[in-house]
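Student: Take this structure first; my questions come after.
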Amino acid sequence: ARVDAFALHRPGRSPQATTDPAGRAVVEGLAEAEVQLVVAAEGYAPYQQQVTLSDDAEPIEVVLRPGVTLVGRAVRGDGTPVAGAFAWVEPLVFEGGRLEIRADDEEGRSGEDGRFTLRGVAPGSYRLHLRAAGLAEGTHDVQVTAGRDEVDLGDVTLPELCAVEVTVLDPEGQPVSGAEVSTASGLMGGMAVMVNVEEETETDDGGEGDAGDGG
């Protein structure tokens with residue numbers, strides 16, 4: 001198993017160690033009294049725990065439990081497969097021992113048939129995320145239960161991107177040329193359209209602008 005110790009208040013490279021045949025590892029070179037301990041091993045769900053260091057601290061015992069494999073298929077709205085979509089899951093409720101699961105670049109990306117695989121997921125509630133170039137992000141909530149080796153999520157849809165057209169007028173109703181238009185996601189899935197001078201899309205001489213692709 002690989003053991004990493006992440007500093008809570010000073011991001012940067014984390015000291016790490018690998019367990020020996022007896023399952024022991026010593027992570028050296030820690031500069032802070034509080035670290036986030038992360039333990040990962042092939043075939044097991046990763047584990048993390050916040051640790052406070054001291055001279056008289058007892059050795060820490062970590063129990064790794066078998067992880068569940070999630071499989072599924074990334075598709076467009078018309079059901080055709082999406083190749084190259086990157087998949088990961090994040091816990092909906094943090095319980096100390098579960099953390100976000102991101103597969104490596106090769107396994108985490110969907111194949112030509114849209115199929116993807118995520119290994120080592122601990123029991124709990126998660127949200128699956130799928131991202132691919134030229135498409136909006138697809139999500140799917142999943143409940144992972146103990147005692148199962150694999151969960152098939154079926155088809156997960158990545159919606160097509162869309163555009164919004166805006167006409168900018170002055171108080172007299174005349175078109176405003178050169179105004180810059182942007183969008184921002186709002187609460188409950190809404191969208192706010194902002195007209196300012198710091199974004200990329202500019203209106204034409206008729207006061208119209210295309211804010212580009214947006215979710």
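Ligands are numbered from 1 in the order shown, residues from 1 within each chain, and chains are lettered A, B, ... in the order they appear in the structure tokens.
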Contacts of Arg131 (chain A) at 6 Å or less, counting only C-alpha atoms, minus same-chain residues fewer than 2 places along, as a list in words?
Tutor: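 Skipping anything fewer than 2 positions along the chain leaves Ala85, Phe86 and Glu137 of chain A.
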Student: Do you know which residues are at most 9 Å from region 69-81 of chain A counting only C-alpha atoms, after dropping those on the same chain fewer than 4 positions away, and could you put them as a VMD selection string?
Tutor: chain A and resid 85 110 to 121 130 135 138 144 148 to 160
Student: Selected residues, N, CA and C atoms, written as a PDB file, in the first residue's frame, please.
Tutor:
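Contents of selection14.pdb, as written:
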ATOM      1  N   ALA A  85     -14.336  10.251 -22.741  1.00  0.00           N
ATOM      2  CA  ALA A  85     -14.916  10.970 -21.601  1.00  0.00           C
ATOM      3  C   ALA A  85     -14.183  10.567 -20.330  1.00  0.00           C
ATOM      4  N   SER A 110     -13.411   6.837 -21.226  1.00  0.00           N
ATOM      5  CA  SER A 110     -14.255   5.872 -21.927  1.00  0.00           C
ATOM      6  C   SER A 110     -13.622   5.458 -23.244  1.00  0.00           C
ATOM      7  N   GLY A 111     -13.894   4.209 -23.647  1.00  0.00           N
ATOM      8  CA  GLY A 111     -13.358   3.692 -24.897  1.00  0.00           C
ATOM      9  C   GLY A 111     -14.212   4.091 -26.080  1.00  0.00           C
ATOM     10  N   GLU A 112     -13.899   3.528 -27.222  1.00  0.00           N
ATOM     11  CA  GLU A 112     -14.651   3.847 -28.434  1.00  0.00           C
ATOM     12  C   GLU A 112     -16.124   3.478 -28.301  1.00  0.00           C
ATOM     13  N   ASP A 113     -16.407   2.472 -27.450  1.00  0.00           N
ATOM     14  CA  ASP A 113     -17.800   2.057 -27.236  1.00  0.00           C
ATOM     15  C   ASP A 113     -18.465   2.837 -26.110  1.00  0.00           C
ATOM     16  N   GLY A 114     -17.744   3.835 -25.538  1.00  0.00           N
ATOM     17  CA  GLY A 114     -18.293   4.653 -24.460  1.00  0.00           C
ATOM     18  C   GLY A 114     -18.152   4.042 -23.070  1.00  0.00           C
ATOM     19  N   ARG A 115     -17.634   2.810 -22.978  1.00  0.00           N
ATOM     20  CA  ARG A 115     -17.547   2.142 -21.687  1.00  0.00           C
ATOM     21  C   ARG A 115     -16.417   2.721 -20.835  1.00  0.00           C
ATOM     22  N   PHE A 116     -16.665   2.868 -19.525  1.00  0.00           N
ATOM     23  CA  PHE A 116     -15.660   3.353 -18.585  1.00  0.00           C
ATOM     24  C   PHE A 116     -15.690   2.482 -17.325  1.00  0.00           C
ATOM     25  N   THR A 117     -14.595   2.520 -16.560  1.00  0.00           N
ATOM     26  CA  THR A 117     -14.467   1.718 -15.343  1.00  0.00           C
ATOM     27  C   THR A 117     -13.811   2.541 -14.248  1.00  0.00           C
ATOM     28  N   LEU A 118     -14.367   2.479 -13.043  1.00  0.00           N
ATOM     29  CA  LEU A 118     -13.774   3.094 -11.858  1.00  0.00           C
ATOM     30  C   LEU A 118     -13.647   2.012 -10.784  1.00  0.00           C
ATOM     31  N   ARG A 119     -12.429   1.807 -10.291  1.00  0.00           N
ATOM     32  CA  ARG A 119     -12.185   0.740  -9.319  1.00  0.00           C
ATOM     33  C   ARG A 119     -11.922   1.312  -7.927  1.00  0.00           C
ATOM     34  N   GLY A 120     -12.116   0.469  -6.918  1.00  0.00           N
ATOM     35  CA  GLY A 120     -11.748   0.835  -5.552  1.00  0.00           C
ATOM     36  C   GLY A 120     -12.664   1.845  -4.897  1.00  0.00           C
ATOM     37  N   VAL A 121     -13.961   1.758  -5.149  1.00  0.00           N
ATOM     38  CA  VAL A 121     -14.923   2.696  -4.546  1.00  0.00           C
ATOM     39  C   VAL A 121     -15.492   2.083  -3.275  1.00  0.00           C
ATOM     40  N   LEU A 130     -18.892  12.913 -15.583  1.00  0.00           N
ATOM     41  CA  LEU A 130     -18.307  12.567 -16.875  1.00  0.00           C
ATOM     42  C   LEU A 130     -18.071  13.851 -17.659  1.00  0.00           C
ATOM     43  N   LEU A 135     -18.946  18.721 -25.107  1.00  0.00           N
ATOM     44  CA  LEU A 135     -20.212  18.319 -24.495  1.00  0.00           C
ATOM     45  C   LEU A 135     -20.307  18.871 -23.082  1.00  0.00           C
ATOM     46  N   GLY A 138     -21.843  15.314 -17.725  1.00  0.00           N
ATOM     47  CA  GLY A 138     -22.900  14.387 -17.333  1.00  0.00           C
ATOM     48  C   GLY A 138     -22.699  13.943 -15.899  1.00  0.00           C
ATOM     49  N   VAL A 144     -23.447   2.984  -3.458  1.00  0.00           N
ATOM     50  CA  VAL A 144     -22.585   1.806  -3.486  1.00  0.00           C
ATOM     51  C   VAL A 144     -22.752   1.058  -2.166  1.00  0.00           C
ATOM     52  N   ARG A 148     -20.891  -6.157  -2.790  1.00  0.00           N
ATOM     53  CA  ARG A 148     -20.985  -6.250  -4.245  1.00  0.00           C
ATOM     54  C   ARG A 148     -19.616  -6.007  -4.859  1.00  0.00           C
ATOM     55  N   ASP A 149     -19.291  -6.768  -5.865  1.00  0.00           N
ATOM     56  CA  ASP A 149     -18.013  -6.599  -6.543  1.00  0.00           C
ATOM     57  C   ASP A 149     -18.085  -5.522  -7.619  1.00  0.00           C
ATOM     58  N   GLU A 150     -19.249  -5.383  -8.269  1.00  0.00           N
ATOM     59  CA  GLU A 150     -19.377  -4.470  -9.401  1.00  0.00           C
ATOM     60  C   GLU A 150     -20.779  -3.886  -9.469  1.00  0.00           C
ATOM     61  N   VAL A 151     -20.847  -2.613  -9.846  1.00  0.00           N
ATOM     62  CA  VAL A 151     -22.126  -1.933 -10.053  1.00  0.00           C
ATOM     63  C   VAL A 151     -22.134  -1.374 -11.471  1.00  0.00           C
ATOM     64  N   ASP A 152     -23.127  -1.774 -12.254  1.00  0.00           N
ATOM     65  CA  ASP A 152     -23.270  -1.274 -13.619  1.00  0.00           C
ATOM     66  C   ASP A 152     -24.220  -0.081 -13.614  1.00  0.00           C
ATOM     67  N   LEU A 153     -23.707   1.079 -13.973  1.00  0.00           N
ATOM     68  CA  LEU A 153     -24.498   2.314 -13.955  1.00  0.00           C
ATOM     69  C   LEU A 153     -25.314   2.502 -15.231  1.00  0.00           C
ATOM     70  N   GLY A 154     -25.112   1.637 -16.210  1.00  0.00           N
ATOM     71  CA  GLY A 154     -25.839   1.770 -17.462  1.00  0.00           C
ATOM     72  C   GLY A 154     -25.347   2.963 -18.257  1.00  0.00           C
ATOM     73  N   ASP A 155     -26.233   3.562 -19.051  1.00  0.00           N
ATOM     74  CA  ASP A 155     -25.877   4.713 -19.876  1.00  0.00           C
ATOM     75  C   ASP A 155     -25.959   6.006 -19.074  1.00  0.00           C
ATOM     76  N   VAL A 156     -24.916   6.824 -19.178  1.00  0.00           N
ATOM     77  CA  VAL A 156     -24.889   8.143 -18.537  1.00  0.00           C
ATOM     78  C   VAL A 156     -24.753   9.178 -19.658  1.00  0.00           C
ATOM     79  N   THR A 157     -25.719  10.100 -19.740  1.00  0.00           N
ATOM     80  CA  THR A 157     -25.786  11.035 -20.865  1.00  0.00           C
ATOM     81  C   THR A 157     -24.994  12.309 -20.598  1.00  0.00           C
ATOM     82  N   LEU A 158     -24.195  12.698 -21.591  1.00  0.00           N
ATOM     83  CA  LEU A 158     -23.532  13.995 -21.599  1.00  0.00           C
ATOM     84  C   LEU A 158     -24.315  14.899 -22.556  1.00  0.00           C
ATOM     85  N   PRO A 159     -25.017  15.917 -22.048  1.00  0.00           N
ATOM     86  CA  PRO A 159     -25.857  16.753 -22.910  1.00  0.00           C
ATOM     87  C   PRO A 159     -25.032  17.554 -23.917  1.00  0.00           C
ATOM     88  N   GLU A 160     -25.682  17.911 -24.999  1.00  0.00           N
ATOM     89  CA  GLU A 160     -25.053  18.784 -25.981  1.00  0.00           C
ATOM     90  C   GLU A 160     -24.942  20.195 -25.402  1.00  0.00           C
TER      91      GLU A 160
END
Student: Could you give me, as a list in words, the residues within 10 Å of Asp141 (chain A), counting only C-alpha atoms and dropping anything in the same chain fewer than 5 positions from it?
Tutor: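 My reading of the contact set: Val89, Glu90, Pro91, Leu92, Ser125, Tyr126, Arg127, Leu128, His129 and Leu153 of chain A.
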Student: Can you list, as an MDAnalysis selection string, every protein, DNA or RNA residue that comes within 8 Å of region 50-53 of chain A when you count only C-alpha atoms, leaving out same-chain residues fewer than 5 positions away?
Tutor: chainID A and resid 32:37
Student: Just all heavy atoms for this one: save the residues we selected as a PDB file, in the first residue's frame.
Tutor:
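This went into result_26.pdb:
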ATOM      1  N   GLU A  32       4.630  19.565   9.650  1.00  0.00           N
ATOM      2  CA  GLU A  32       3.475  20.123  10.351  1.00  0.00           C
ATOM      3  C   GLU A  32       2.910  19.120  11.338  1.00  0.00           C
ATOM      4  O   GLU A  32       3.094  17.906  11.203  1.00  0.00           O
ATOM      5  CB  GLU A  32       2.392  20.532   9.357  1.00  0.00           C
ATOM      6  CG  GLU A  32       2.804  21.700   8.476  1.00  0.00           C
ATOM      7  CD  GLU A  32       1.617  22.369   7.826  1.00  0.00           C
ATOM      8  OE1 GLU A  32       0.471  22.007   8.176  1.00  0.00           O
ATOM      9  OE2 GLU A  32       1.826  23.256   6.995  1.00  0.00           O
ATOM     10  N   ALA A  33       2.191  19.646  12.348  1.00  0.00           N
ATOM     11  CA  ALA A  33       1.627  18.787  13.383  1.00  0.00           C
ATOM     12  C   ALA A  33       0.332  18.131  12.943  1.00  0.00           C
ATOM     13  O   ALA A  33      -0.096  17.145  13.547  1.00  0.00           O
ATOM     14  CB  ALA A  33       1.388  19.591  14.662  1.00  0.00           C
ATOM     15  N   GLU A  34      -0.309  18.681  11.900  1.00  0.00           N
ATOM     16  CA  GLU A  34      -1.557  18.114  11.404  1.00  0.00           C
ATOM     17  C   GLU A  34      -1.412  17.781   9.924  1.00  0.00           C
ATOM     18  O   GLU A  34      -1.029  18.638   9.126  1.00  0.00           O
ATOM     19  CB  GLU A  34      -2.729  19.088  11.606  1.00  0.00           C
ATOM     20  CG  GLU A  34      -3.111  19.299  13.059  1.00  0.00           C
ATOM     21  CD  GLU A  34      -4.353  20.143  13.190  1.00  0.00           C
ATOM     22  OE1 GLU A  34      -4.654  20.924  12.261  1.00  0.00           O
ATOM     23  OE2 GLU A  34      -5.050  20.027  14.207  1.00  0.00           O
ATOM     24  N   VAL A  35      -1.711  16.530   9.599  1.00  0.00           N
ATOM     25  CA  VAL A  35      -1.614  16.094   8.208  1.00  0.00           C
ATOM     26  C   VAL A  35      -2.835  15.252   7.864  1.00  0.00           C
ATOM     27  O   VAL A  35      -3.536  14.745   8.744  1.00  0.00           O
ATOM     28  CB  VAL A  35      -0.337  15.256   7.952  1.00  0.00           C
ATOM     29  CG1 VAL A  35       0.912  16.075   8.184  1.00  0.00           C
ATOM     30  CG2 VAL A  35      -0.339  13.992   8.803  1.00  0.00           C
ATOM     31  N   GLN A  36      -3.096  15.143   6.566  1.00  0.00           N
ATOM     32  CA  GLN A  36      -4.143  14.266   6.057  1.00  0.00           C
ATOM     33  C   GLN A  36      -3.462  13.012   5.545  1.00  0.00           C
ATOM     34  O   GLN A  36      -2.685  13.055   4.594  1.00  0.00           O
ATOM     35  CB  GLN A  36      -4.939  14.957   4.943  1.00  0.00           C
ATOM     36  CG  GLN A  36      -6.229  14.271   4.576  1.00  0.00           C
ATOM     37  CD  GLN A  36      -7.342  14.552   5.579  1.00  0.00           C
ATOM     38  OE1 GLN A  36      -7.168  15.342   6.480  1.00  0.00           O
ATOM     39  NE2 GLN A  36      -8.466  13.905   5.408  1.00  0.00           N
ATOM     40  N   LEU A  37      -3.733  11.899   6.192  1.00  0.00           N
ATOM     41  CA  LEU A  37      -3.134  10.624   5.831  1.00  0.00           C
ATOM     42  C   LEU A  37      -4.008   9.943   4.783  1.00  0.00           C
ATOM     43  O   LEU A  37      -5.212   9.786   4.984  1.00  0.00           O
ATOM     44  CB  LEU A  37      -3.020   9.743   7.077  1.00  0.00           C
ATOM     45  CG  LEU A  37      -2.074   8.547   7.015  1.00  0.00           C
ATOM     46  CD1 LEU A  37      -0.631   9.017   6.935  1.00  0.00           C
ATOM     47  CD2 LEU A  37      -2.281   7.658   8.224  1.00  0.00           C
TER      48      LEU A  37
END
Student: Need to verify the contact set: Glu28 (chain A), 10 Å, only C-alpha atoms, exclusion of same-chain residues closer than 5 positions in sequence. Can you return it as an mmCIF file with N, CA, C and O atoms, in the first residue's frame?
Tutor:
data_model
loop_
_atom_site.group_PDB
_atom_site.id
_atom_site.type_symbol
_atom_site.label_atom_id
_atom_site.label_comp_id
_atom_site.auth_asym_id
_atom_site.auth_seq_id
_atom_site.Cartn_x
_atom_site.Cartn_y
_atom_site.Cartn_z
ATOM 1 N N ALA A 5 1.116 11.643 3.176
ATOM 2 C CA ALA A 5 0.754 12.558 4.261
ATOM 3 C C ALA A 5 0.725 13.970 3.701
ATOM 4 O O ALA A 5 1.773 14.534 3.371
ATOM 5 N N PRO A 15 5.100 13.971 1.578
ATOM 6 C CA PRO A 15 5.934 12.806 1.863
ATOM 7 C C PRO A 15 5.100 11.534 1.736
ATOM 8 O O PRO A 15 3.906 11.539 2.026
ATOM 9 N N GLN A 16 5.735 10.455 1.289
ATOM 10 C CA GLN A 16 5.007 9.207 1.132
ATOM 11 C C GLN A 16 5.907 8.027 1.445
ATOM 12 O O GLN A 16 7.131 8.144 1.490
ATOM 13 N N ALA A 17 5.285 6.893 1.669
ATOM 14 C CA ALA A 17 6.015 5.658 1.955
ATOM 15 C C ALA A 17 5.182 4.487 1.465
ATOM 16 O O ALA A 17 3.973 4.615 1.233
#
Student: Write out as a VMD selection string all residues of region 9-143 of chain A that backbone DSSP assigns to alpha helix (DSSP H).
Tutor: chain A and resid 105 to 108
Student: In Å, with one decimal, what is the gap from CA of Val38 (chain A) to CA of Leu64 (chain A)?
Tutor: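 Computed distance, CA of Val38 (chain A) to CA of Leu64 (chain A), equals 11.1 Å.
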Student: Looking at only C-alpha atoms, which of A:Val27, A:Leu161, A:Phe6, A:Ser54 is the one that sits closest to Gly134 (chain A)?
Tutor: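 Looking only at the distances to Gly134 (chain A), the closest residue turns out to be A:Leu161.
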